[in-house]
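Undergrad: Got work.tsv for you, TSV, C-alpha atoms and all ligand atoms:
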chain	number	residue	atom	x	y	z
A	1	MET	CA	-66.18	56.09	-139.44
A	2	GLU	CA	-66.41	52.29	-139.32
A	3	ILE	CA	-67.62	50.42	-136.23
A	4	GLN	CA	-64.96	47.71	-136.60
A	5	SER	CA	-62.15	47.95	-139.11
A	6	PRO	CA	-58.85	46.10	-139.13
A	7	ASP	CA	-55.27	47.33	-138.95
A	8	ILE	CA	-53.26	46.05	-141.92
A	9	ALA	CA	-49.53	46.76	-142.04
A	10	GLU	CA	-46.55	46.09	-144.31
A	11	LEU	CA	-45.99	42.62	-142.89
A	12	GLU	CA	-49.40	41.48	-144.15
A	13	GLU	CA	-48.59	42.82	-147.64
A	14	LYS	CA	-45.20	41.08	-147.54
A	15	TYR	CA	-46.60	37.65	-146.66
A	16	VAL	CA	-49.51	37.87	-149.10
A	17	LEU	CA	-47.11	38.92	-151.87
A	18	ASP	CA	-44.82	36.06	-150.91
A	19	VAL	CA	-47.67	33.63	-151.61
A	20	LEU	CA	-48.53	35.32	-154.91
A	21	ARG	CA	-44.91	35.30	-156.06
A	22	ASN	CA	-43.52	32.11	-154.56
A	23	LYS	CA	-46.01	29.85	-152.82
A	24	MET	CA	-49.11	29.43	-154.99
A	25	SER	CA	-47.94	25.87	-155.75
A	26	GLY	CA	-44.97	23.63	-155.07
A	27	PRO	CA	-43.66	22.21	-151.82
A	28	ASN	CA	-44.31	25.44	-149.83
A	29	LYS	CA	-47.89	25.97	-150.95
A	30	TRP	CA	-49.27	25.33	-147.44
A	31	TYR	CA	-46.42	27.07	-145.58
A	32	TYR	CA	-48.50	29.87	-144.03
A	33	ASN	CA	-51.48	27.60	-143.29
A	34	GLU	CA	-49.28	25.13	-141.42
A	35	GLN	CA	-47.20	27.72	-139.56
A	36	PHE	CA	-50.30	29.62	-138.49
A	37	GLU	CA	-52.09	26.45	-137.30
A	38	LYS	CA	-49.05	25.24	-135.39
A	39	GLU	CA	-48.10	28.53	-133.73
A	40	PHE	CA	-51.66	29.62	-132.95
A	41	ALA	CA	-52.26	26.28	-131.20
A	42	GLU	CA	-48.98	26.63	-129.25
A	43	TYR	CA	-49.86	30.18	-128.22
A	44	HIS	CA	-53.06	28.81	-126.68
A	45	ASN	CA	-51.34	25.82	-125.16
A	46	ARG	CA	-53.30	23.48	-127.42
A	47	LYS	CA	-51.92	20.58	-129.43
A	48	TYR	CA	-53.63	21.08	-132.80
A	49	GLY	CA	-54.97	23.87	-134.96
A	50	LEU	CA	-57.12	23.66	-138.09
A	51	LEU	CA	-57.82	26.71	-140.21
A	52	THR	CA	-61.40	26.97	-141.44
A	53	PRO	CA	-63.20	29.41	-143.75
A	54	ASN	CA	-64.82	31.04	-140.68
A	55	CYS	CA	-65.79	30.36	-137.08
A	56	THR	CA	-69.25	29.15	-138.10
A	57	SER	CA	-67.70	26.26	-140.04
A	58	ALA	CA	-65.17	25.53	-137.24
A	59	LEU	CA	-68.08	25.04	-134.81
A	60	TRP	CA	-69.95	22.92	-137.32
A	61	LEU	CA	-66.86	20.78	-137.99
A	62	VAL	CA	-66.12	19.93	-134.38
A	63	LEU	CA	-69.76	19.22	-133.51
A	64	ASP	CA	-70.02	16.95	-136.55
A	65	ALA	CA	-66.82	15.17	-135.49
A	66	LEU	CA	-68.24	14.76	-131.98
A	67	GLY	CA	-71.20	12.98	-133.54
A	68	ILE	CA	-73.89	15.53	-132.65
A	69	LYS	CA	-77.10	14.37	-134.32
A	70	ASN	CA	-80.84	14.85	-134.39
A	71	SER	CA	-81.74	13.15	-131.12
A	72	ASP	CA	-79.30	15.40	-129.18
A	73	GLU	CA	-79.66	18.69	-127.38
A	74	VAL	CA	-77.04	21.45	-127.26
A	75	ILE	CA	-77.11	24.40	-124.85
A	76	VAL	CA	-76.05	27.86	-125.99
A	77	PRO	CA	-76.34	31.31	-124.38
A	78	GLU	CA	-79.11	33.68	-125.41
A	79	LEU	CA	-76.70	36.58	-125.94
A	80	THR	CA	-74.47	35.64	-128.87
A	81	TRP	CA	-74.33	35.77	-132.65
A	82	ILE	CA	-76.51	33.15	-134.35
A	83	ALA	CA	-73.38	31.42	-135.70
A	84	THR	CA	-72.86	29.83	-132.26
A	85	ALA	CA	-75.98	27.75	-132.79
A	86	VAL	CA	-75.88	27.10	-136.55
A	87	GLY	CA	-73.67	23.99	-136.68
A	88	ALA	CA	-75.54	22.12	-133.94
A	89	SER	CA	-78.87	23.09	-135.44
A	90	LYS	CA	-77.91	22.03	-138.96
A	91	LEU	CA	-76.71	18.68	-137.60
A	92	GLY	CA	-80.27	18.23	-136.36
A	93	ALA	CA	-79.79	18.87	-132.63
A	94	THR	CA	-82.34	20.79	-130.59
A	95	ILE	CA	-80.94	24.10	-129.35
A	96	LYS	CA	-81.67	25.06	-125.74
A	97	PHE	CA	-81.12	28.67	-124.69
A	98	ALA	CA	-79.58	29.56	-121.34
A	99	ASP	CA	-79.80	32.97	-119.69
A	100	ILE	CA	-76.75	35.13	-119.13
A	101	ASN	CA	-75.00	36.19	-115.95
A	102	PRO	CA	-75.35	40.00	-115.62
A	103	LYS	CA	-71.83	40.22	-114.19
A	104	THR	CA	-70.18	38.66	-117.24
A	105	LEU	CA	-72.92	38.86	-119.94
A	106	CYS	CA	-71.90	35.25	-120.69
A	107	ILE	CA	-73.81	32.01	-120.19
A	108	ASP	CA	-75.15	31.62	-116.65
A	109	THR	CA	-74.21	28.32	-115.07
A	110	LYS	CA	-77.32	28.18	-112.89
A	111	SER	CA	-79.57	28.75	-115.86
A	112	ILE	CA	-77.92	25.81	-117.65
A	113	GLU	CA	-78.74	23.31	-114.93
A	114	ARG	CA	-82.47	23.50	-115.46
A	115	LEU	CA	-82.05	22.85	-119.20
A	116	ILE	CA	-80.07	19.63	-118.85
A	117	THR	CA	-81.81	16.39	-119.86
A	118	PRO	CA	-80.40	12.93	-120.67
A	119	LYS	CA	-80.25	14.12	-124.30
A	120	THR	CA	-77.94	17.08	-123.60
A	121	LYS	CA	-74.62	16.42	-125.30
A	122	ALA	CA	-72.80	19.74	-125.36
A	123	ILE	CA	-72.58	23.29	-124.07
A	124	ILE	CA	-71.17	26.02	-126.27
A	125	ALA	CA	-69.72	28.76	-124.06
A	126	VAL	CA	-69.13	32.14	-125.68
A	127	GLY	CA	-66.71	34.88	-124.59
A	128	VAL	CA	-69.18	37.54	-125.64
A	129	TYR	CA	-67.67	41.01	-126.25
A	130	GLY	CA	-64.40	39.63	-124.83
A	131	ASN	CA	-65.91	38.83	-121.41
A	132	MET	CA	-65.23	35.39	-120.02
A	133	PRO	CA	-67.85	32.88	-118.81
A	134	GLU	CA	-67.22	31.04	-115.52
A	135	MET	CA	-65.12	28.41	-117.23
A	136	ASP	CA	-64.24	26.36	-114.13
A	137	LEU	CA	-67.91	26.01	-113.18
A	138	LEU	CA	-68.81	25.07	-116.74
A	139	GLU	CA	-66.05	22.46	-116.85
A	140	ASN	CA	-67.32	20.94	-113.58
A	141	LEU	CA	-70.88	20.92	-114.83
A	142	CYS	CA	-69.88	19.19	-118.05
A	143	HIS	CA	-67.85	16.67	-116.11
A	144	ASN	CA	-70.74	15.92	-113.68
A	145	TYR	CA	-73.36	15.50	-116.42
A	146	ASN	CA	-71.15	13.86	-119.02
A	147	MET	CA	-71.48	16.72	-121.49
A	148	THR	CA	-68.87	18.22	-123.82
A	149	LEU	CA	-67.72	21.81	-123.47
A	150	VAL	CA	-66.95	23.68	-126.69
A	151	GLU	CA	-65.62	27.22	-126.54
A	152	ASP	CA	-66.79	29.83	-129.02
A	153	ALA	CA	-63.89	32.27	-128.71
A	154	ALA	CA	-64.88	34.30	-131.79
A	155	GLU	CA	-64.93	37.53	-129.76
A	156	SER	CA	-62.53	36.72	-126.93
A	157	ILE	CA	-59.09	36.42	-128.49
A	158	GLY	CA	-56.67	37.87	-125.93
A	159	SER	CA	-59.03	37.42	-122.95
A	160	THR	CA	-57.99	35.30	-120.00
A	161	TYR	CA	-59.72	33.56	-117.10
A	162	TYR	CA	-57.55	33.07	-114.01
A	163	GLY	CA	-54.51	33.50	-116.23
A	164	LYS	CA	-55.62	30.89	-118.79
A	165	LYS	CA	-56.18	32.12	-122.33
A	166	SER	CA	-59.59	32.07	-123.96
A	167	GLY	CA	-59.24	29.36	-126.57
A	168	SER	CA	-57.77	26.80	-124.21
A	169	PHE	CA	-60.97	25.61	-122.45
A	170	GLY	CA	-63.11	22.56	-123.13
A	171	ILE	CA	-62.57	19.91	-125.76
A	172	ALA	CA	-62.25	22.46	-128.57
A	173	SER	CA	-62.20	26.21	-129.19
A	174	CYS	CA	-63.31	28.10	-132.28
A	175	PHE	CA	-62.04	31.52	-133.37
A	176	SER	CA	-63.28	34.01	-135.93
A	177	PHE	CA	-60.92	36.01	-138.15
A	178	HIS	CA	-63.75	37.87	-139.86
A	179	ARG	CA	-63.03	41.33	-141.28
A	180	THR	CA	-64.48	42.89	-138.11
A	181	LYS	CA	-62.39	40.89	-135.64
A	182	THR	CA	-59.18	41.87	-133.81
A	183	LEU	CA	-57.13	39.42	-135.92
A	184	THR	CA	-58.50	39.32	-139.43
A	185	MET	CA	-58.23	37.25	-142.61
A	186	GLY	CA	-61.21	38.99	-144.22
A	187	GLU	CA	-63.08	35.74	-143.67
A	188	GLY	CA	-61.43	32.99	-141.65
A	189	GLY	CA	-61.50	30.86	-138.55
A	190	MET	CA	-59.51	28.39	-136.50
A	191	LEU	CA	-60.40	25.27	-134.56
A	192	LEU	CA	-58.09	24.34	-131.67
A	193	LEU	CA	-58.02	20.85	-130.16
A	194	ASP	CA	-55.97	18.57	-127.91
A	195	ASP	CA	-57.34	15.11	-128.67
A	196	ASN	CA	-55.50	13.41	-131.54
A	197	LYS	CA	-58.45	11.25	-132.63
A	198	LEU	CA	-60.81	14.21	-132.70
A	199	TYR	CA	-58.23	16.29	-134.59
A	200	LYS	CA	-57.83	13.59	-137.25
A	201	ARG	CA	-61.59	13.26	-137.59
A	202	CYS	CA	-61.99	17.04	-138.00
A	203	LYS	CA	-59.18	17.14	-140.57
A	204	PHE	CA	-60.84	14.33	-142.52
A	205	LEU	CA	-64.25	16.05	-142.40
A	206	ARG	CA	-62.69	19.38	-143.45
A	207	ASP	CA	-61.68	18.14	-146.89
A	208	LEU	CA	-64.26	15.93	-148.61
A	209	GLY	CA	-63.58	12.78	-146.59
A	210	ARG	CA	-60.42	11.92	-148.53
A	211	ASP	CA	-58.40	8.83	-147.74
A	212	GLU	CA	-54.99	9.85	-146.40
A	213	GLN	CA	-53.09	7.53	-148.71
A	214	PHE	CA	-55.17	6.86	-151.83
A	215	MET	CA	-55.71	9.83	-154.10
A	216	TYR	CA	-59.30	10.55	-155.22
A	217	TRP	CA	-60.57	7.91	-152.81
A	218	ASN	CA	-63.27	9.53	-150.68
A	219	ARG	CA	-64.52	7.52	-147.73
A	220	GLU	CA	-67.45	9.73	-146.68
A	221	ILE	CA	-69.53	12.58	-148.00
A	222	THR	CA	-68.37	15.65	-146.12
A	223	PRO	CA	-68.23	19.38	-146.85
A	224	LYS	CA	-65.06	21.23	-147.84
A	225	PHE	CA	-63.87	23.79	-145.32
A	226	MET	CA	-60.36	24.53	-146.67
A	227	VAL	CA	-58.59	27.89	-146.48
A	228	PRO	CA	-56.56	29.42	-149.32
A	229	ALA	CA	-52.87	30.17	-148.72
A	230	LEU	CA	-53.42	33.84	-149.56
A	231	THR	CA	-55.72	34.50	-146.63
A	232	ALA	CA	-53.69	32.18	-144.37
A	233	ALA	CA	-50.67	34.43	-145.08
A	234	LEU	CA	-52.72	37.47	-144.10
A	235	GLY	CA	-53.84	35.75	-140.89
A	236	TYR	CA	-50.32	34.60	-140.02
A	237	ALA	CA	-48.96	38.14	-140.41
A	238	GLN	CA	-51.76	39.47	-138.20
A	239	PHE	CA	-50.91	36.80	-135.65
A	240	GLN	CA	-47.28	38.06	-135.54
A	241	ARG	CA	-48.77	41.44	-134.59
A	242	LEU	CA	-51.38	40.11	-132.16
A	243	GLU	CA	-49.98	41.77	-129.03
A	244	GLU	CA	-49.86	45.12	-130.85
A	245	LEU	CA	-53.49	44.69	-132.00
A	246	LEU	CA	-54.65	43.69	-128.51
A	247	ASN	CA	-52.82	46.66	-126.97
A	248	LYS	CA	-54.65	48.98	-129.36
A	249	LYS	CA	-58.02	47.42	-128.43
A	250	ARG	CA	-57.22	47.93	-124.73
A	251	GLN	CA	-56.13	51.48	-125.47
A	252	ILE	CA	-59.47	52.22	-127.17
A	253	TYR	CA	-61.33	50.89	-124.14
A	254	GLU	CA	-59.20	53.04	-121.80
A	255	TRP	CA	-59.83	56.13	-123.92
A	256	TYR	CA	-63.58	55.50	-123.59
A	257	ILE	CA	-63.20	55.10	-119.82
A	258	LYS	CA	-61.31	58.39	-119.65
A	259	GLU	CA	-63.77	60.30	-121.82
A	260	LEU	CA	-66.93	58.93	-120.19
A	261	HIS	CA	-65.54	59.21	-116.68
A	262	GLY	CA	-68.03	60.70	-114.23
A	263	MET	CA	-71.20	59.60	-116.06
A	264	SER	CA	-73.13	57.76	-113.42
A	265	ASN	CA	-75.93	56.37	-115.59
A	266	ILE	CA	-73.85	54.07	-117.79
A	267	SER	CA	-71.30	51.28	-117.49
A	268	LEU	CA	-68.76	49.85	-119.94
A	269	ASN	CA	-67.51	46.23	-120.27
A	270	PRO	CA	-67.97	44.58	-116.88
A	271	ILE	CA	-64.63	43.89	-115.21
A	272	GLN	CA	-64.31	40.68	-113.25
A	273	LYS	CA	-61.59	39.92	-110.76
A	274	ASN	CA	-59.16	37.41	-112.28
A	275	HIS	CA	-60.45	37.87	-115.83
A	276	THR	CA	-58.82	39.99	-118.50
A	277	ASN	CA	-60.73	41.17	-121.52
A	278	GLY	CA	-59.25	41.31	-125.05
A	279	TYR	CA	-61.68	44.23	-125.67
A	280	TRP	CA	-62.67	43.20	-129.15
A	281	SER	CA	-65.58	45.61	-128.70
A	282	THR	CA	-66.07	48.30	-126.09
A	283	ILE	CA	-69.69	48.10	-124.99
A	284	LEU	CA	-71.91	50.54	-123.14
A	285	ILE	CA	-74.85	49.57	-120.95
A	286	LEU	CA	-77.46	52.16	-120.02
A	287	ASP	CA	-78.44	51.91	-116.37
A	288	LYS	CA	-82.11	51.48	-115.54
A	289	GLN	CA	-82.57	55.12	-114.53
A	290	ASN	CA	-81.95	56.27	-118.12
A	291	THR	CA	-85.11	57.42	-119.86
A	292	ILE	CA	-83.82	56.40	-123.26
A	293	ASN	CA	-83.10	52.86	-124.42
A	294	SER	CA	-80.44	51.51	-126.76
A	295	SER	CA	-82.52	52.00	-129.96
A	296	ILE	CA	-82.92	55.71	-129.29
A	297	LEU	CA	-79.23	56.09	-128.47
A	298	ILE	CA	-78.34	54.32	-131.74
A	299	GLN	CA	-80.77	56.34	-133.87
A	300	GLU	CA	-79.56	59.65	-132.45
A	301	ALA	CA	-75.88	58.70	-132.76
A	302	ILE	CA	-76.29	57.62	-136.37
A	303	LYS	CA	-77.82	61.03	-137.17
A	304	LYS	CA	-74.50	62.47	-135.98
A	305	GLU	CA	-72.55	59.92	-138.05
A	306	VAL	CA	-71.41	57.84	-135.08
A	307	PRO	CA	-72.01	54.16	-135.94
A	308	ILE	CA	-73.20	52.59	-132.70
A	309	ARG	CA	-74.62	49.08	-132.94
A	310	PRO	CA	-77.19	47.22	-130.84
A	311	PHE	CA	-76.39	44.21	-128.69
A	312	PHE	CA	-77.35	40.85	-130.15
A	313	TYR	CA	-81.06	40.06	-129.77
A	314	PRO	CA	-81.78	37.03	-127.59
A	315	LEU	CA	-81.35	34.11	-129.99
A	316	SER	CA	-84.67	32.56	-128.98
A	317	SER	CA	-86.44	35.77	-130.06
A	318	LEU	CA	-85.10	35.66	-133.64
A	319	PRO	CA	-87.47	34.56	-136.40
A	320	ALA	CA	-84.97	31.76	-137.08
A	321	PHE	CA	-85.88	30.14	-133.72
A	322	ASN	CA	-89.13	31.92	-132.83
A	323	GLN	CA	-89.25	30.71	-129.24
A	324	SER	CA	-89.59	33.87	-127.18
A	325	TRP	CA	-93.00	32.61	-126.03
A	326	PHE	CA	-91.08	29.92	-124.14
A	327	TYR	CA	-87.81	31.64	-123.16
A	328	LYS	CA	-88.71	35.30	-122.49
A	329	LYS	CA	-89.79	34.66	-118.90
A	330	ARG	CA	-87.15	32.01	-118.29
A	331	ASN	CA	-84.25	34.16	-119.50
A	332	PRO	CA	-85.13	37.63	-118.19
A	333	ILE	CA	-81.58	39.00	-117.98
A	334	ALA	CA	-80.81	38.44	-121.66
A	335	TYR	CA	-84.20	39.79	-122.73
A	336	LYS	CA	-83.76	42.97	-120.66
A	337	ILE	CA	-80.10	43.71	-121.30
A	338	THR	CA	-80.39	43.75	-125.08
A	339	LYS	CA	-82.63	46.81	-124.74
A	340	ARG	CA	-79.97	48.65	-122.76
A	341	GLY	CA	-76.69	47.62	-124.36
A	342	VAL	CA	-74.80	48.93	-127.38
A	343	CYS	CA	-71.44	48.30	-129.05
A	344	LEU	CA	-69.32	51.42	-129.48
A	345	PRO	CA	-67.02	52.00	-132.45
A	346	SER	CA	-63.89	49.92	-131.77
A	347	SER	CA	-62.01	50.02	-135.07
A	348	LEU	CA	-58.29	49.44	-134.75
A	349	THR	CA	-57.69	52.59	-136.77
A	350	LEU	CA	-59.43	54.92	-134.27
A	351	LYS	CA	-57.46	57.79	-132.76
A	352	TYR	CA	-57.94	59.50	-129.43
A	353	GLU	CA	-59.59	62.49	-131.17
A	354	ASP	CA	-62.20	60.14	-132.70
A	355	ILE	CA	-63.09	58.70	-129.29
A	356	HIS	CA	-63.38	62.25	-127.96
A	357	VAL	CA	-65.91	63.13	-130.69
A	358	ILE	CA	-67.87	59.88	-130.17
A	359	CYS	CA	-68.08	60.47	-126.42
A	360	ASP	CA	-69.21	64.06	-126.87
A	361	VAL	CA	-72.05	62.80	-129.05
A	362	ILE	CA	-73.00	60.16	-126.46
A	363	LYS	CA	-72.93	62.73	-123.63
A	364	ASP	CA	-75.09	65.11	-125.67
A	365	ILE	CA	-77.70	62.42	-126.35
A	366	LEU	CA	-77.81	61.16	-122.76
B	1	LIG	C1	-69.83	34.88	-130.84
B	1	LIG	C2	-69.60	34.57	-132.30
B	1	LIG	N1	-69.61	33.29	-132.70
B	1	LIG	C3	-69.39	32.95	-133.96
B	1	LIG	C4	-69.17	33.92	-134.92
B	1	LIG	C5	-69.01	33.49	-136.34
B	1	LIG	O1	-67.82	33.88	-136.87
B	1	LIG	P1	-67.58	33.84	-138.45
B	1	LIG	O2	-68.20	35.08	-138.99
B	1	LIG	O3	-66.10	33.81	-138.58
B	1	LIG	O4	-68.24	32.62	-138.95
B	1	LIG	C6	-69.14	35.26	-134.57
B	1	LIG	C7	-68.88	36.28	-135.59
B	1	LIG	O5	-69.25	37.38	-135.60
B	1	LIG	C8	-69.38	35.61	-133.22
B	1	LIG	O6	-69.40	36.89	-132.83
Before anything else, please render the file you have as structure tokens.

TA:
Amino acid sequence: MEIQSPDIAELEEKYVLDVLRNKMSGPNKWYYNEQFEKEFAEYHNRKYGLLTPNCTSALWLVLDALGIKNSDEVIVPELTWIATAVGASKLGATIKFADINPKTLCIDTKSIERLITPKTKAIIAVGVYGNMPEMDLLENLCHNYNMTLVEDAAESIGSTYYGKKSGSFGIASCFSFHRTKTLTMGEGGMLLLDDNKLYKRCKFLRDLGRDEQFMYWNREITPKFMVPALTAALGYAQFQRLEELLNKKRQIYEWYIKELHGMSNISLNPIQKNHTNGYWSTILILDKQNTINSSILIQEAIKKEVPIRPFFYPLSSLPAFNQSWFYKKRNPIAYKITKRGVCLPSSLTLKYEDIHVICDVIKDIL
């Protein structure tokens, strides 16, 4: 059993084969890239889309285009994958870690306020495990302090906040189409934007700083974050099936709810009024009265061949940042919840019988 595996159908094979047979070169060589960028942006009510090799590079690209540099500070939540902080850090900015709101598991607006200094340039808000941060409060905060809001929607495709889709907040949103995500390209990502100048700058930075008109005339030294047509075709086919994939994710979550019904010492993904969750991953949080923590639950489940994974560690506690001495007391929610939270198997290929077996194992251990 895999913790997160994709659902690939005939349409994906058809589009990938179409590239291999007809679109490796010639006038249609970017057909799937361009269609995917255009339609994915429209779906999120954004003006522009740019495919990238992954979400990590999409974040890097937009922060570079925004001019983030070494005298700046960027605020990120403690509970996220390190990729959220990589671009800003590699551009030289100082990363500040905000605590999470226990109701959403996402960045806590109040915790952000005490981190803001005149050097703070941006906040990266993450829809962790498909939950949504308080986007309206974050937008107000950014407006009041002249900061830029960037959305890391790697895990929140299909989630909404007061009816607005994740991926349509802030100046830019970044998606992941990694092999483990709801919509997959194996490796892939997308940057969505509304501002034409910023879009052009990102496009320029994405491909070696080329001049638009003069061939082989590079105006700046930039990286290359281009995406091959083959994987773009895979992503575009998955996008045609997005509602089906999201329905399956929701179904998996509902099966867990049904099977774990009546257990009073646990909770699953927190549900907020006026939010919907795309349920990329069903999560389980052990209440305080449990005698076991998440590591024991994981170890015992793995012995029974159920691949349960831990929550992310607080970013400030990772050797890469090594700042728990400073943040542990300041960000108590994130530091405590990681010891009680796990991600349950959420592969798109799971059947009801699989969830039944997984839940029996969990009940046995608890
Ligand atoms: C919250 C978050 N941000 C960013 C990323 C990075 O995505 P990618 O692997 O596509 O670079 C991930 C991927 O797991 C993620 O979960």

Undergrad: Record the distance separating CA of Leu193 (chain A) and CA of Lys121 (chain A), expressed in Å with one decimal.

TA: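 Separation between CA of Leu193 (chain A) and CA of Lys121 (chain A): 17.9 Å.
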
Undergrad: Have a look at CA of Glu13 (chain A) and CA of Tyr236 (chain A) and let me know their distance in Å, one decimal.

TA: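 Between CA of Glu13 (chain A) and CA of Tyr236 (chain A) the gap works out to 11.3 Å.
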
Undergrad: What lies within 10 Å of region 328-330 of chain A using only C-alpha atoms, ignoring chain neighbours under 6 positions off, as a short mmCIF file (atom, residue, chain, number, x, y, z; two decimals) with C-alpha atoms, in the frame of the given file?

TA:
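For reference, selection-v5.cif as written:
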data_model
loop_
_atom_site.label_atom_id
_atom_site.label_comp_id
_atom_site.auth_asym_id
_atom_site.auth_seq_id
_atom_site.Cartn_x
_atom_site.Cartn_y
_atom_site.Cartn_z
CA PHE A 97 -81.12 28.67 -124.69
CA ALA A 98 -79.58 29.56 -121.34
CA ASP A 99 -79.80 32.97 -119.69
CA SER A 111 -79.57 28.75 -115.86
CA PRO A 314 -81.78 37.03 -127.59
CA SER A 316 -84.67 32.56 -128.98
CA SER A 317 -86.44 35.77 -130.06
CA LYS A 336 -83.76 42.97 -120.66
#

Undergrad: For region 128-141 of chain A, list every protein, DNA or RNA residue within 6 Å, evaluated using all atoms listed in the file, and leave out those in the same chain fewer than 2 positions away; present the list as a PyMOL selection string.

TA: chain A and resi 104+106+126+143-144+155-156+277-281

Undergrad: Export C-alpha atoms of the chosen residues as a tab-separated table (two decimals), in the frame of the given file?

TA:
chain	number	residue	atom	x	y	z
A	104	THR	CA	-70.18	38.66	-117.24
A	106	CYS	CA	-71.90	35.25	-120.69
A	126	VAL	CA	-69.13	32.14	-125.68
A	143	HIS	CA	-67.85	16.67	-116.11
A	144	ASN	CA	-70.74	15.92	-113.68
A	155	GLU	CA	-64.93	37.53	-129.76
A	156	SER	CA	-62.53	36.72	-126.93
A	277	ASN	CA	-60.73	41.17	-121.52
A	278	GLY	CA	-59.25	41.31	-125.05
A	279	TYR	CA	-61.68	44.23	-125.67
A	280	TRP	CA	-62.67	43.20	-129.15
A	281	SER	CA	-65.58	45.61	-128.70

Undergrad: Select the residues contacting ligand LIG 1 (chain B) at a distance of at most 8 Å, based on only C-alpha atoms and all ligand atoms, then format the selection as a PyMOL selection string.

TA: chain A and resi 53-58+80-84+126-129+152-155+174-178+180-181+187-189

Undergrad: Record the distance separating CA of Ile3 (chain A) and CA of Glu305 (chain A), expressed in Å with one decimal.

TA: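 Interatomic distance here is 10.9 Å.
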
Undergrad: So, with all atoms listed in the file as the atoms that count, which of A:Lys249, A:Phe36, A:Val357, A:Thr291 lies closest to Lys304 (chain A)?

TA: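 Using all atoms listed in the file, the shortest distance to Lys304 (chain A) belongs to A:Val357.
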
Undergrad: So that I can see what lies close to Ala122 (chain A), please list as an NGL selection string the residues with an atom at most 7 Å from it, counting all atoms listed in the file and leaving out residues fewer than 6 positions away in the same chain.

TA: :A and (74-75 or 147-149)

Undergrad: Kindly save the residues from that selection, with C-alpha atoms included, as a PDB file, in the coordinates of the input.

TA:
ATOM      1  CA  VAL A  74     -77.040  21.450-127.260  1.00  0.00           C
ATOM      2  CA  ILE A  75     -77.110  24.400-124.850  1.00  0.00           C
ATOM      3  CA  MET A 147     -71.480  16.720-121.490  1.00  0.00           C
ATOM      4  CA  THR A 148     -68.870  18.220-123.820  1.00  0.00           C
ATOM      5  CA  LEU A 149     -67.720  21.810-123.470  1.00  0.00           C
TER       6      LEU A 149
END

Undergrad: Here is a test: counting all atoms listed in the file, which residue of A:Ser25, A:Thr182, A:Arg309, A:Leu51 is nearest to Thr349 (chain A)?

TA: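 For Thr349 (chain A), the nearest of the given residues is A:Thr182.
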
Undergrad: Considering only C-alpha atoms, return as an MDAnalysis selection string whatever protein or nucleic-acid residues lie within 12 Å of Glu244 (chain A), sequence-local ones (same chain, fewer than 5 positions apart) excluded.

TA: chainID A and resid 7:9 158 182:183 237:239 249:251 278 348

Undergrad: Find, counting all atoms listed in the file, the residue in A:Ile362, A:Phe169, A:Asn331, A:Val150 that gets nearest to Pro307 (chain A).

TA: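 Closest to Pro307 (chain A), using all atoms listed in the file: A:Ile362.
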
Undergrad: Which residue, A:Ser346, A:Thr52, A:Gln289, A:Ile171, has the smallest gap to Arg206 (chain A) when you use all atoms listed in the file?

TA: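 Smallest distance to Arg206 (chain A) is found for A:Thr52.
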
Undergrad: I need every residue sitting at most 12 Å from the point (-69.2, 6.1, -152.1) (coordinates as in the file, all atoms listed in the file considered), written as a list in words.

TA: Leu208, Gly209, Arg210, Asp211, Tyr216, Trp217, Asn218, Arg219, Glu220, Ile221 and Thr222 of chain A

Undergrad: Can you write out the residues you just picked, keeping C-alpha atoms, as a compact mmCIF listing (two decimals), keeping the file's coordinate frame?

TA:
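Output saved as part.txt:
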# COMPACT_ATOMS: atom_id res chain seq x y z
CA LEU A 208 -64.26 15.93 -148.61
CA GLY A 209 -63.58 12.78 -146.59
CA ARG A 210 -60.42 11.92 -148.53
CA ASP A 211 -58.40 8.83 -147.74
CA TYR A 216 -59.30 10.55 -155.22
CA TRP A 217 -60.57 7.91 -152.81
CA ASN A 218 -63.27 9.53 -150.68
CA ARG A 219 -64.52 7.52 -147.73
CA GLU A 220 -67.45 9.73 -146.68
CA ILE A 221 -69.53 12.58 -148.00
CA THR A 222 -68.37 15.65 -146.12
